[in-house]
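Colleague: So I've got this file, entry23.csv, and it contains CSV, C-alpha atoms:
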```csv
chain,number,residue,atom,x,y,z
C,20,MET,CA,-47.9,9.3,16.9
C,21,LEU,CA,-48.8,10.8,13.5
C,22,ASN,CA,-48.5,14.4,14.9
C,23,TYR,CA,-45.0,13.6,16.2
C,24,VAL,CA,-43.9,12.3,12.8
C,25,ILE,CA,-45.3,15.3,11.0
C,26,ARG,CA,-43.6,17.7,13.4
C,27,ARG,CA,-40.2,15.9,12.9
C,28,VAL,CA,-40.6,15.9,9.1
C,29,LEU,CA,-41.5,19.6,9.0
C,30,ALA,CA,-38.6,20.4,11.3
C,31,THR,CA,-36.1,19.2,8.7
C,32,ILE,CA,-37.2,21.8,6.2
C,33,PRO,CA,-35.7,24.9,7.9
C,34,VAL,CA,-32.6,22.8,8.7
C,35,MET,CA,-32.0,22.0,5.1
C,36,ALA,CA,-32.7,25.6,4.1
C,37,ILE,CA,-30.0,26.8,6.5
C,38,VAL,CA,-27.6,24.1,5.2
C,39,ALA,CA,-28.3,25.1,1.6
C,40,LEU,CA,-27.6,28.7,2.5
C,41,PHE,CA,-24.3,27.8,4.1
C,42,VAL,CA,-23.3,25.5,1.2
C,43,PHE,CA,-24.0,28.2,-1.3
C,44,SER,CA,-22.1,30.7,0.7
C,45,LEU,CA,-18.9,28.6,0.4
C,46,LEU,CA,-18.3,30.3,-2.9
C,47,TYR,CA,-18.4,33.7,-1.3
C,48,ILE,CA,-16.7,33.1,2.0
C,49,ALA,CA,-13.7,31.3,0.5
C,50,PRO,CA,-10.5,33.4,0.9
C,51,GLY,CA,-9.4,35.3,-2.2
C,52,ASP,CA,-11.2,35.7,-5.5
C,53,PRO,CA,-12.6,32.2,-6.4
C,54,ALA,CA,-12.6,33.1,-10.1
C,55,ALA,CA,-9.0,34.2,-10.0
C,56,ILE,CA,-8.0,31.0,-8.1
C,57,ILE,CA,-9.8,28.8,-10.5
C,58,ALA,CA,-8.4,30.6,-13.5
C,59,GLY,CA,-4.8,30.1,-12.3
C,60,ASP,CA,-1.7,32.4,-12.5
C,61,GLN,CA,-1.5,32.4,-16.3
C,62,ALA,CA,-5.1,33.5,-16.8
C,63,THR,CA,-6.0,36.8,-18.5
C,64,PRO,CA,-8.5,39.3,-17.0
C,65,ALA,CA,-10.9,38.1,-19.6
C,66,ASP,CA,-10.6,34.5,-18.4
C,67,VAL,CA,-11.2,35.6,-14.8
C,68,GLU,CA,-14.2,37.6,-15.8
C,69,ARG,CA,-15.6,34.7,-17.8
C,70,ILE,CA,-15.3,32.4,-14.8
C,71,ARG,CA,-16.8,35.0,-12.5
C,72,GLU,CA,-19.8,35.3,-14.9
C,73,SER,CA,-20.2,31.5,-15.1
C,74,LEU,CA,-20.2,31.3,-11.3
C,75,GLY,CA,-22.6,34.2,-11.0
C,76,LEU,CA,-20.2,36.2,-8.8
C,77,ASN,CA,-21.0,39.4,-10.6
C,78,ARG,CA,-24.7,39.2,-9.6
C,79,PRO,CA,-26.4,39.9,-6.2
C,80,PHE,CA,-26.1,37.2,-3.7
C,81,LEU,CA,-29.7,36.7,-2.9
C,82,ILE,CA,-30.8,36.5,-6.5
C,83,ARG,CA,-28.1,34.0,-7.3
C,84,PHE,CA,-29.0,31.9,-4.2
C,85,GLY,CA,-32.7,31.9,-5.2
C,86,GLU,CA,-31.8,30.7,-8.7
C,87,TRP,CA,-29.5,28.0,-7.3
C,88,ALA,CA,-32.0,26.8,-4.7
C,89,TRP,CA,-34.7,26.6,-7.5
C,90,GLN,CA,-32.3,24.5,-9.6
C,91,ILE,CA,-31.6,22.2,-6.5
C,92,LEU,CA,-35.3,21.7,-6.0
C,93,HIS,CA,-35.5,20.5,-9.6
C,94,GLY,CA,-32.6,18.1,-9.2
C,95,ASP,CA,-30.0,20.3,-10.9
C,96,LEU,CA,-26.8,20.6,-8.8
C,97,GLY,CA,-25.0,22.7,-11.4
C,98,THR,CA,-22.2,21.9,-13.8
C,99,SER,CA,-18.6,21.1,-13.1
C,100,ILE,CA,-16.2,23.9,-14.1
C,101,PHE,CA,-13.4,21.5,-15.2
C,102,THR,CA,-15.3,18.6,-16.8
C,103,ASN,CA,-18.3,20.5,-18.0
C,104,LEU,CA,-20.5,17.6,-16.8
C,105,PRO,CA,-23.5,17.9,-14.6
C,106,VAL,CA,-22.6,17.6,-10.9
C,107,ALA,CA,-25.5,15.1,-10.4
C,108,ALA,CA,-24.1,12.8,-13.1
C,109,LEU,CA,-20.6,13.0,-11.5
C,110,ILE,CA,-22.0,12.0,-8.1
C,111,ALA,CA,-24.2,9.3,-9.6
C,112,GLN,CA,-21.0,7.7,-11.2
C,113,ARG,CA,-19.3,7.7,-7.8
C,114,ILE,CA,-22.1,6.9,-5.4
C,115,GLU,CA,-21.9,3.1,-5.5
C,116,PRO,CA,-18.4,2.7,-4.0
C,117,THR,CA,-19.1,5.2,-1.2
C,118,LEU,CA,-22.6,3.7,-0.4
C,119,SER,CA,-21.1,0.2,-0.4
C,120,LEU,CA,-18.3,1.3,2.0
C,121,VAL,CA,-20.6,3.0,4.4
C,122,VAL,CA,-23.2,0.2,4.5
C,123,VAL,CA,-20.5,-2.5,5.0
C,124,THR,CA,-18.8,-0.4,7.7
C,125,LEU,CA,-22.1,0.3,9.4
C,126,VAL,CA,-23.1,-3.4,9.6
C,127,PHE,CA,-19.7,-4.5,10.6
C,128,ALA,CA,-19.3,-1.8,13.3
C,129,VAL,CA,-22.7,-2.2,14.9
C,130,SER,CA,-22.5,-6.0,14.9
C,131,ILE,CA,-19.2,-5.9,16.8
C,132,ALA,CA,-19.6,-2.8,19.0
C,133,VAL,CA,-23.0,-3.5,20.6
C,134,PRO,CA,-22.1,-7.0,21.8
C,135,ILE,CA,-18.7,-6.0,23.2
C,136,GLY,CA,-20.3,-3.0,24.9
C,137,VAL,CA,-22.8,-5.3,26.5
C,138,VAL,CA,-20.1,-7.7,27.6
C,139,ALA,CA,-18.0,-4.8,29.0
C,140,ALA,CA,-21.0,-3.7,31.1
C,141,TRP,CA,-21.7,-7.2,32.2
C,142,GLN,CA,-18.0,-7.7,33.2
C,143,ALA,CA,-17.6,-4.2,34.6
C,144,ASP,CA,-14.3,-3.5,36.3
C,145,THR,CA,-12.7,-6.8,35.2
C,146,ILE,CA,-9.8,-7.3,33.0
C,147,LEU,CA,-12.1,-8.0,30.0
C,148,ASP,CA,-13.9,-4.7,30.6
C,149,ARG,CA,-10.6,-2.8,30.8
C,150,ALA,CA,-9.3,-4.5,27.6
C,151,ILE,CA,-12.4,-3.5,25.7
C,152,MET,CA,-12.3,0.1,26.9
C,153,ALA,CA,-8.6,0.3,26.1
C,154,PHE,CA,-9.4,-0.8,22.6
C,155,ALA,CA,-12.1,1.9,22.5
C,156,VAL,CA,-9.7,4.6,23.6
C,157,LEU,CA,-7.1,3.4,21.0
C,158,GLY,CA,-9.7,3.5,18.3
C,159,PHE,CA,-10.4,7.1,19.1
C,160,SER,CA,-6.8,8.1,19.4
C,161,VAL,CA,-5.3,6.7,16.2
C,162,PRO,CA,-6.0,8.7,13.0
C,163,VAL,CA,-8.0,6.9,10.3
C,164,PHE,CA,-5.2,7.2,7.7
C,165,VAL,CA,-2.7,5.6,10.1
C,166,ILE,CA,-5.0,2.6,10.6
C,167,GLY,CA,-5.6,2.3,6.9
C,168,TYR,CA,-1.9,2.3,6.0
C,169,LEU,CA,-1.1,-0.1,8.8
C,170,LEU,CA,-3.8,-2.6,7.7
C,171,ALA,CA,-2.8,-2.3,4.1
C,172,PHE,CA,0.9,-2.9,5.0
C,173,VAL,CA,0.1,-6.0,7.1
C,174,PHE,CA,-2.8,-7.7,5.3
C,175,ALA,CA,-2.2,-6.6,1.7
C,176,LEU,CA,1.6,-6.2,1.3
C,177,GLN,CA,3.0,-8.6,3.9
C,178,LEU,CA,0.5,-11.4,4.1
C,179,ASP,CA,-1.0,-10.8,0.6
C,180,TRP,CA,-4.5,-11.8,1.8
C,181,LEU,CA,-6.4,-8.8,0.4
C,182,PRO,CA,-6.1,-6.3,-2.4
C,183,VAL,CA,-4.2,-3.1,-1.6
C,184,GLN,CA,-6.4,-0.6,-3.4
C,185,GLY,CA,-9.3,-0.2,-5.8
C,186,TYR,CA,-12.9,-1.2,-5.9
C,187,THR,CA,-14.9,-3.9,-7.7
C,188,PRO,CA,-18.6,-3.3,-8.4
C,189,LEU,CA,-21.1,-5.7,-6.9
C,190,GLN,CA,-22.3,-6.8,-10.3
C,191,ASP,CA,-18.8,-8.2,-11.0
C,192,GLY,CA,-19.2,-10.7,-8.2
C,193,LEU,CA,-19.8,-10.8,-4.4
C,194,GLU,CA,-16.4,-12.2,-3.5
C,195,PRO,CA,-14.2,-9.5,-5.2
C,196,TRP,CA,-16.7,-6.8,-4.1
C,197,ILE,CA,-16.3,-7.7,-0.4
C,198,GLU,CA,-12.6,-8.4,-0.7
C,199,HIS,CA,-12.0,-4.8,-1.8
C,200,LEU,CA,-14.1,-3.5,1.1
C,201,ILE,CA,-12.7,-5.5,4.0
C,202,LEU,CA,-9.7,-3.3,4.7
C,203,PRO,CA,-11.5,0.0,4.1
C,204,ALA,CA,-14.4,-1.0,6.3
C,205,LEU,CA,-12.0,-2.1,9.1
C,206,THR,CA,-10.2,1.2,8.8
C,207,LEU,CA,-13.3,3.3,8.8
C,208,GLY,CA,-15.1,1.2,11.4
C,209,CYS,CA,-12.4,1.4,14.2
C,210,VAL,CA,-13.5,4.9,15.4
C,211,TYR,CA,-17.2,4.0,15.0
C,212,ILE,CA,-16.8,0.7,17.0
C,213,ALA,CA,-15.1,2.6,19.8
C,214,LEU,CA,-17.8,5.2,19.9
C,215,ILE,CA,-20.7,2.7,20.0
C,216,ALA,CA,-19.0,0.3,22.4
C,217,ARG,CA,-18.4,3.1,25.0
C,218,THR,CA,-21.9,4.4,24.7
C,219,THR,CA,-23.4,0.8,24.9
C,220,ARG,CA,-21.4,0.1,28.0
C,221,ALA,CA,-22.4,3.3,29.8
C,222,ALA,CA,-26.1,2.8,28.9
C,223,MET,CA,-26.1,-0.8,30.0
C,224,LEU,CA,-24.4,-0.1,33.3
C,225,GLU,CA,-27.2,2.3,34.2
C,226,VAL,CA,-29.9,-0.2,33.1
C,227,LEU,CA,-28.4,-3.2,34.9
C,228,GLN,CA,-28.8,-1.3,38.2
C,229,GLN,CA,-32.6,-1.1,37.8
C,230,ASP,CA,-35.1,-3.0,40.0
C,231,TYR,CA,-36.7,-4.8,37.1
C,232,ILE,CA,-33.3,-6.4,36.2
C,233,ARG,CA,-33.0,-7.8,39.7
C,234,THR,CA,-36.6,-9.0,39.4
C,235,ALA,CA,-35.8,-10.8,36.2
C,236,ARG,CA,-32.8,-12.5,37.8
C,237,ALA,CA,-35.0,-13.5,40.8
C,238,LYS,CA,-37.4,-15.2,38.3
C,239,GLY,CA,-34.6,-17.3,37.0
C,240,ILE,CA,-34.2,-15.7,33.6
C,241,GLY,CA,-30.8,-16.5,32.0
C,242,GLN,CA,-28.0,-14.0,31.8
C,243,THR,CA,-28.3,-13.9,28.0
C,244,GLY,CA,-32.0,-13.1,28.1
C,245,ILE,CA,-31.4,-10.4,30.8
C,246,LEU,CA,-28.6,-8.7,28.8
C,247,PHE,CA,-29.9,-8.8,25.3
C,248,VAL,CA,-33.6,-8.8,25.8
C,249,HIS,CA,-34.5,-6.8,28.9
C,250,ALA,CA,-31.5,-4.6,29.5
C,251,LEU,CA,-30.4,-3.9,25.9
C,252,LYS,CA,-33.9,-3.0,24.8
C,253,ASN,CA,-34.2,-0.4,27.5
C,254,ALA,CA,-30.7,1.0,26.8
C,255,ALA,CA,-31.4,1.3,23.1
C,256,VAL,CA,-32.3,5.0,22.9
C,257,PRO,CA,-28.8,6.4,23.6
C,258,ILE,CA,-27.2,3.6,21.6
C,259,VAL,CA,-29.4,4.4,18.5
C,260,THR,CA,-28.6,8.1,19.1
C,261,VAL,CA,-24.9,7.6,18.9
C,262,ILE,CA,-25.2,5.3,15.9
C,263,GLY,CA,-27.1,8.1,14.1
C,264,ILE,CA,-24.5,10.7,15.1
C,265,GLY,CA,-21.7,8.4,14.1
C,266,VAL,CA,-22.9,8.6,10.5
C,267,ALA,CA,-21.2,11.9,10.4
C,268,LEU,CA,-17.9,10.1,11.3
C,269,LEU,CA,-18.5,7.6,8.5
C,270,ILE,CA,-19.1,10.4,5.9
C,271,GLY,CA,-16.1,12.4,7.0
C,272,GLY,CA,-13.9,9.3,7.4
C,273,ALA,CA,-15.0,8.0,3.9
C,274,VAL,CA,-13.1,10.9,2.3
C,275,VAL,CA,-9.8,9.9,4.0
C,276,THR,CA,-10.4,6.1,3.6
C,277,GLU,CA,-11.2,6.4,-0.1
C,278,THR,CA,-8.1,8.4,-0.6
C,279,VAL,CA,-5.9,5.8,1.2
C,280,PHE,CA,-7.3,2.8,-0.7
C,281,ALA,CA,-7.9,4.6,-4.0
C,282,ILE,CA,-11.6,3.9,-4.0
C,283,PRO,CA,-13.3,5.9,-6.8
C,284,GLY,CA,-16.2,7.1,-4.6
C,285,VAL,CA,-17.7,10.4,-3.7
C,286,GLY,CA,-14.9,11.0,-1.1
C,287,ARG,CA,-12.3,11.0,-3.8
C,288,LEU,CA,-14.5,13.2,-6.0
C,289,THR,CA,-14.6,15.7,-3.1
C,290,VAL,CA,-10.8,15.7,-2.7
C,291,ASP,CA,-10.3,16.2,-6.4
C,292,ALA,CA,-12.9,19.0,-6.5
C,293,ILE,CA,-11.2,20.8,-3.6
C,294,LEU,CA,-7.8,20.5,-5.2
C,295,ARG,CA,-9.2,21.9,-8.5
C,296,ARG,CA,-11.3,24.6,-6.7
C,297,ASP,CA,-14.3,23.1,-8.6
C,298,TYR,CA,-16.9,24.9,-6.4
C,299,PRO,CA,-20.1,23.5,-8.1
C,300,VAL,CA,-18.9,20.0,-7.4
C,301,ILE,CA,-17.9,20.9,-3.8
C,302,GLN,CA,-21.3,22.5,-3.2
C,303,GLY,CA,-23.2,19.5,-4.6
C,304,VAL,CA,-21.3,16.9,-2.6
C,305,VAL,CA,-21.5,18.9,0.7
C,306,LEU,CA,-25.2,19.4,0.1
C,307,LEU,CA,-25.7,15.7,-0.5
C,308,PHE,CA,-23.8,14.7,2.6
C,309,SER,CA,-25.7,17.2,4.7
C,310,PHE,CA,-29.0,15.9,3.3
C,311,VAL,CA,-28.1,12.3,4.1
C,312,TYR,CA,-27.1,13.3,7.6
C,313,VAL,CA,-30.4,15.1,8.2
C,314,ILE,CA,-32.4,12.1,6.9
C,315,VAL,CA,-30.5,9.7,9.1
C,316,ASN,CA,-31.2,11.9,12.1
C,317,LEU,CA,-34.9,12.1,11.1
C,318,ALA,CA,-34.9,8.3,10.9
C,319,VAL,CA,-33.3,8.1,14.4
C,320,ASP,CA,-35.9,10.4,15.8
C,321,LEU,CA,-38.7,8.3,14.4
C,322,LEU,CA,-37.1,5.1,15.7
C,323,TYR,CA,-37.2,6.6,19.2
C,324,THR,CA,-41.0,6.2,19.1
C,325,VAL,CA,-40.6,2.5,18.5
C,326,LEU,CA,-38.0,2.0,21.3
C,327,ASP,CA,-39.7,4.3,23.8
C,328,PRO,CA,-43.5,5.0,23.2
C,329,ARG,CA,-43.4,7.8,25.8
C,330,ILE,CA,-41.5,10.0,23.3
C,331,ARG,CA,-44.6,10.1,21.0
C,332,TYR,CA,-46.2,12.4,23.5
```
Please, can you express the file's structure as structure tokens?

Modeller:
Amino acid sequence: MLNYVIRRVLATIPVMAIVALFVFSLLYIAPGDPAAIIAGDQATPADVERIRESLGLNRPFLIRFGEWAWQILHGDLGTSIFTNLPVAALIAQRIEPTLSLVVVTLVFAVSIAVPIGVVAAWQADTILDRAIMAFAVLGFSVPVFVIGYLLAFVFALQLDWLPVQGYTPLQDGLEPWIEHLILPALTLGCVYIALIARTTRAAMLEVLQQDYIRTARAKGIGQTGILFVHALKNAAVPIVTVIGIGVALLIGGAVVTETVFAIPGVGRLTVDAILRRDYPVIQGVVLLFSFVYVIVNLAVDLLYTVLDPRIRY
């Protein structure tokens, strides 16, 4: 068990090194001269040269990457070109709304998707099963921003049940905090629910055909116990896998969702940085998202050993 954990932890080091190399290369592989783009059309050659020097574009790539990686290891993500503030400070100011949105969406999506996936497998080839799968297909098909605008129009503008936009910090009260997150979480969770529900149904269908399920039925175990204790536990590995993979959907969808609902999170920070060509901020945010995704996948790998002890060996 310990050897497996150590191997998985060590395996994340080269992955993060490759990710860091790619993130740093964004400054060099971007089309055109980044310094000239940042300086604007009215900039003088001296302005362009000053920006190029501040970005390190006039120095060898490997030397600049080594210095940047060393700064990253010490918690320094660089300085924003436009605000002249540390990138780490900018991210810290915006992390709470994004973290709140992702956590609420994750809890909401998993608590809905897994039960309806189990029910769909239990009622396979019935009207209920087809209705659930139709919802899953619809959730995959409709873009996130369309769902967001539709929900905002119905529940905020027409019914006036929920706020249209904005974010209220948790320290200002639980009720306003959750009210501002309901619509964004519903928007962001639709695709995630569809993904998890389809995977849960497929995994459960396979498990429900096993001999030990028929044995459990013969012993008189109730349907609820068979579905949510015996079957779901043995179908958990692919479900946990897709939940971990779906974190990438949440991270990518958070950028669009925060823009639609005017949430001042890391997603909005990313959009603003891209529009301004603020490469240090873009690099810092992409590196943070990549690090979170690698850590989530590491946690999923370690969770496998709990769900299926055979994986330890």

Colleague: What's around region 117-130 of chain C at 8 Å? Count all atoms listed in the file, leave out sequence neighbours fewer than 5 positions away in its own chain, and write the answer as a PyMOL selection string.

Modeller: chain C and resi 200+203-205+207-209+211-212+215+262+269-270+273+284-286

Colleague: Go through C:Ala254, C:Phe280, C:Asn77, C:Gln228 and flag the residue nearest Leu169 (chain C), using all atoms listed in the file for the distances.

Modeller: C:Phe280

Colleague: Between CA of Leu268 (chain C) and CA of Phe247 (chain C), what distance in Å does the model show, to one decimal?

Modeller: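 Interatomic distance, CA of Leu268 (chain C) to CA of Phe247 (chain C): 26.4 Å.
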
Colleague: Write out as an NGL selection string the residues lying within 9 Å of Val261 (chain C), counting all atoms listed in the file and excluding same-chain residues fewer than 5 positions away.

Modeller: :C and (214-215 or 218 or 256 or 266)

Colleague: Please put the answer as lines of an AutoDock Vina configuration file: centre and edge lengths, in Å with one decimal, of a box along x, y and z that encloses all listed atoms of region 233-238 of chain C plus 3 Å on each side.

Modeller:
```
center_x = -35.1
center_y = -11.5
center_z = 38.5
size_x = 10.6
size_y = 13.4
size_z = 10.6
```

Colleague: With only C-alpha atoms as the atoms that count, which of C:Thr187, C:Gln112, C:Thr324, C:Asn316 lies nearest to Ala255 (chain C)?

Modeller: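 Closest to Ala255 (chain C) of all the choices is C:Thr324.
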
Colleague: Would you mind reading off the distance between CA of Ala150 (chain C) and CA of Val173 (chain C), one decimal, in Å?

Modeller: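 Between these atoms lies a distance of 22.6 Å.
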
Colleague: How far is it from CA of Asn103 (chain C) to CA of Arg295 (chain C), in Å with one decimal?

Modeller: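 That distance, rounded to one decimal, is 13.2 Å.
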
Colleague: Could you tell me, as a list of chain:residue names, which residues have any atom at most 12 Å from (-6.6, 1.8, 22.2), counting all atoms listed in the file?

Modeller: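 Protein, DNA and RNA residues close to (-6.6, 1.8, 22.2): C:Arg149, C:Ala150, C:Ile151, C:Met152, C:Ala153, C:Phe154, C:Ala155, C:Val156, C:Leu157, C:Gly158, C:Phe159, C:Ser160, C:Val161, C:Pro162, C:Ile166, C:Cys209, C:Val210, C:Ile212, C:Ala213, C:Leu214.
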
Colleague: With 12 Å as the cut-off and all atoms listed in the file counted, what is the closest atom pair between each nearby residue of region 229-305 of chain C and region 42-45 of chain C? Distances in Å to one decimal, ordered by chain and number, as a Markdown table.

Modeller:
```
| residue | atom | partner | partner_atom | distance |
| --- | --- | --- | --- | --- |
| C:Ile293 | CA | C:Leu45 | CA | 11.7 |
| C:Arg296 | CA | C:Leu45 | CA | 11.1 |
| C:Asp297 | CA | C:Leu45 | CA | 11.5 |
| C:Tyr298 | CA | C:Leu45 | CA | 8.0 |
| C:Pro299 | CA | C:Phe43 | CA | 9.1 |
| C:Val300 | CA | C:Val42 | CA | 11.1 |
| C:Ile301 | CA | C:Val42 | CA | 8.7 |
| C:Gln302 | CA | C:Val42 | CA | 5.7 |
| C:Gly303 | CA | C:Val42 | CA | 8.3 |
| C:Val304 | CA | C:Val42 | CA | 9.6 |
| C:Val305 | CA | C:Val42 | CA | 6.9 |
```

Colleague: When distances are computed from all atoms listed in the file, which of C:Phe310, C:Arg220, C:Leu294, C:Val315 shows the smallest separation from Thr260 (chain C)?

Modeller: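 Of C:Phe310, C:Arg220, C:Leu294, C:Val315, the one nearest Thr260 (chain C), counting all atoms listed in the file, is C:Val315.
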
Colleague: Between C:Trp87, C:Ile135, C:Asp230, C:Val279, which has the minimum distance to Val165 (chain C) (counting only C-alpha atoms)?

Modeller: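 Ranking C:Trp87, C:Ile135, C:Asp230, C:Val279 by distance to Val165 (chain C), first place goes to C:Val279.
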
Colleague: So, with all atoms listed in the file as the atoms that count, which of C:Ala140, C:Ala36, C:Val290, C:Ile100 lies closest to Ser73 (chain C)?

Modeller: C:Ile100

Colleague: N, CA and C atoms for region 199-221 of chain C, written as a PDB file, keeping the file's coordinate frame, could you do that?

Modeller:
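Writing the result to out-v1.pdb gives the following:
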```pdb
ATOM      1  N   HIS C 199     -12.467  -6.197  -1.660  1.00  0.00           N
ATOM      2  CA  HIS C 199     -12.000  -4.800  -1.800  1.00  0.00           C
ATOM      3  C   HIS C 199     -12.507  -3.898  -0.710  1.00  0.00           C
ATOM      4  N   LEU C 200     -13.526  -4.348   0.034  1.00  0.00           N
ATOM      5  CA  LEU C 200     -14.100  -3.500   1.100  1.00  0.00           C
ATOM      6  C   LEU C 200     -13.718  -3.863   2.472  1.00  0.00           C
ATOM      7  N   ILE C 201     -13.078  -5.016   2.658  1.00  0.00           N
ATOM      8  CA  ILE C 201     -12.700  -5.500   4.000  1.00  0.00           C
ATOM      9  C   ILE C 201     -11.804  -4.485   4.702  1.00  0.00           C
ATOM     10  N   LEU C 202     -10.675  -4.193   4.084  1.00  0.00           N
ATOM     11  CA  LEU C 202      -9.700  -3.300   4.700  1.00  0.00           C
ATOM     12  C   LEU C 202     -10.248  -1.875   4.876  1.00  0.00           C
ATOM     13  N   PRO C 203     -10.890  -1.281   3.860  1.00  0.00           N
ATOM     14  CA  PRO C 203     -11.500   0.000   4.100  1.00  0.00           C
ATOM     15  C   PRO C 203     -12.536   0.065   5.180  1.00  0.00           C
ATOM     16  N   ALA C 204     -13.365  -0.986   5.242  1.00  0.00           N
ATOM     17  CA  ALA C 204     -14.400  -1.000   6.300  1.00  0.00           C
ATOM     18  C   ALA C 204     -13.782  -1.184   7.667  1.00  0.00           C
ATOM     19  N   LEU C 205     -12.739  -2.003   7.787  1.00  0.00           N
ATOM     20  CA  LEU C 205     -12.000  -2.100   9.100  1.00  0.00           C
ATOM     21  C   LEU C 205     -11.426  -0.782   9.477  1.00  0.00           C
ATOM     22  N   THR C 206     -10.826  -0.097   8.525  1.00  0.00           N
ATOM     23  CA  THR C 206     -10.200   1.200   8.800  1.00  0.00           C
ATOM     24  C   THR C 206     -11.250   2.212   9.262  1.00  0.00           C
ATOM     25  N   LEU C 207     -12.315   2.315   8.497  1.00  0.00           N
ATOM     26  CA  LEU C 207     -13.300   3.300   8.800  1.00  0.00           C
ATOM     27  C   LEU C 207     -14.140   2.914  10.040  1.00  0.00           C
ATOM     28  N   GLY C 208     -14.224   1.602  10.333  1.00  0.00           N
ATOM     29  CA  GLY C 208     -15.100   1.200  11.400  1.00  0.00           C
ATOM     30  C   GLY C 208     -14.421   1.250  12.803  1.00  0.00           C
ATOM     31  N   CYS C 209     -13.105   1.418  12.884  1.00  0.00           N
ATOM     32  CA  CYS C 209     -12.400   1.400  14.200  1.00  0.00           C
ATOM     33  C   CYS C 209     -12.961   2.523  15.103  1.00  0.00           C
ATOM     34  N   VAL C 210     -13.022   3.739  14.607  1.00  0.00           N
ATOM     35  CA  VAL C 210     -13.500   4.900  15.400  1.00  0.00           C
ATOM     36  C   VAL C 210     -14.989   4.652  15.756  1.00  0.00           C
ATOM     37  N   TYR C 211     -15.749   4.188  14.778  1.00  0.00           N
ATOM     38  CA  TYR C 211     -17.200   4.000  15.000  1.00  0.00           C
ATOM     39  C   TYR C 211     -17.441   2.898  16.027  1.00  0.00           C
ATOM     40  N   ILE C 212     -16.669   1.805  15.967  1.00  0.00           N
ATOM     41  CA  ILE C 212     -16.800   0.700  17.000  1.00  0.00           C
ATOM     42  C   ILE C 212     -16.501   1.271  18.357  1.00  0.00           C
ATOM     43  N   ALA C 213     -15.434   2.039  18.473  1.00  0.00           N
ATOM     44  CA  ALA C 213     -15.100   2.600  19.800  1.00  0.00           C
ATOM     45  C   ALA C 213     -16.160   3.481  20.331  1.00  0.00           C
ATOM     46  N   LEU C 214     -16.756   4.317  19.492  1.00  0.00           N
ATOM     47  CA  LEU C 214     -17.800   5.200  19.900  1.00  0.00           C
ATOM     48  C   LEU C 214     -19.042   4.457  20.413  1.00  0.00           C
ATOM     49  N   ILE C 215     -19.491   3.488  19.619  1.00  0.00           N
ATOM     50  CA  ILE C 215     -20.700   2.700  20.000  1.00  0.00           C
ATOM     51  C   ILE C 215     -20.463   1.858  21.189  1.00  0.00           C
ATOM     52  N   ALA C 216     -19.295   1.224  21.263  1.00  0.00           N
ATOM     53  CA  ALA C 216     -19.000   0.300  22.400  1.00  0.00           C
ATOM     54  C   ALA C 216     -18.997   1.102  23.713  1.00  0.00           C
ATOM     55  N   ARG C 217     -18.398   2.265  23.744  1.00  0.00           N
ATOM     56  CA  ARG C 217     -18.400   3.100  25.000  1.00  0.00           C
ATOM     57  C   ARG C 217     -19.760   3.499  25.386  1.00  0.00           C
ATOM     58  N   THR C 218     -20.552   3.926  24.422  1.00  0.00           N
ATOM     59  CA  THR C 218     -21.900   4.400  24.700  1.00  0.00           C
ATOM     60  C   THR C 218     -22.775   3.189  25.193  1.00  0.00           C
ATOM     61  N   THR C 219     -22.631   2.032  24.528  1.00  0.00           N
ATOM     62  CA  THR C 219     -23.400   0.800  24.900  1.00  0.00           C
ATOM     63  C   THR C 219     -23.040   0.435  26.348  1.00  0.00           C
ATOM     64  N   ARG C 220     -21.777   0.451  26.678  1.00  0.00           N
ATOM     65  CA  ARG C 220     -21.400   0.100  28.000  1.00  0.00           C
ATOM     66  C   ARG C 220     -21.971   1.031  29.068  1.00  0.00           C
ATOM     67  N   ALA C 221     -21.893   2.330  28.816  1.00  0.00           N
ATOM     68  CA  ALA C 221     -22.400   3.300  29.800  1.00  0.00           C
ATOM     69  C   ALA C 221     -23.938   3.151  29.945  1.00  0.00           C
TER      70      ALA C 221
END
```
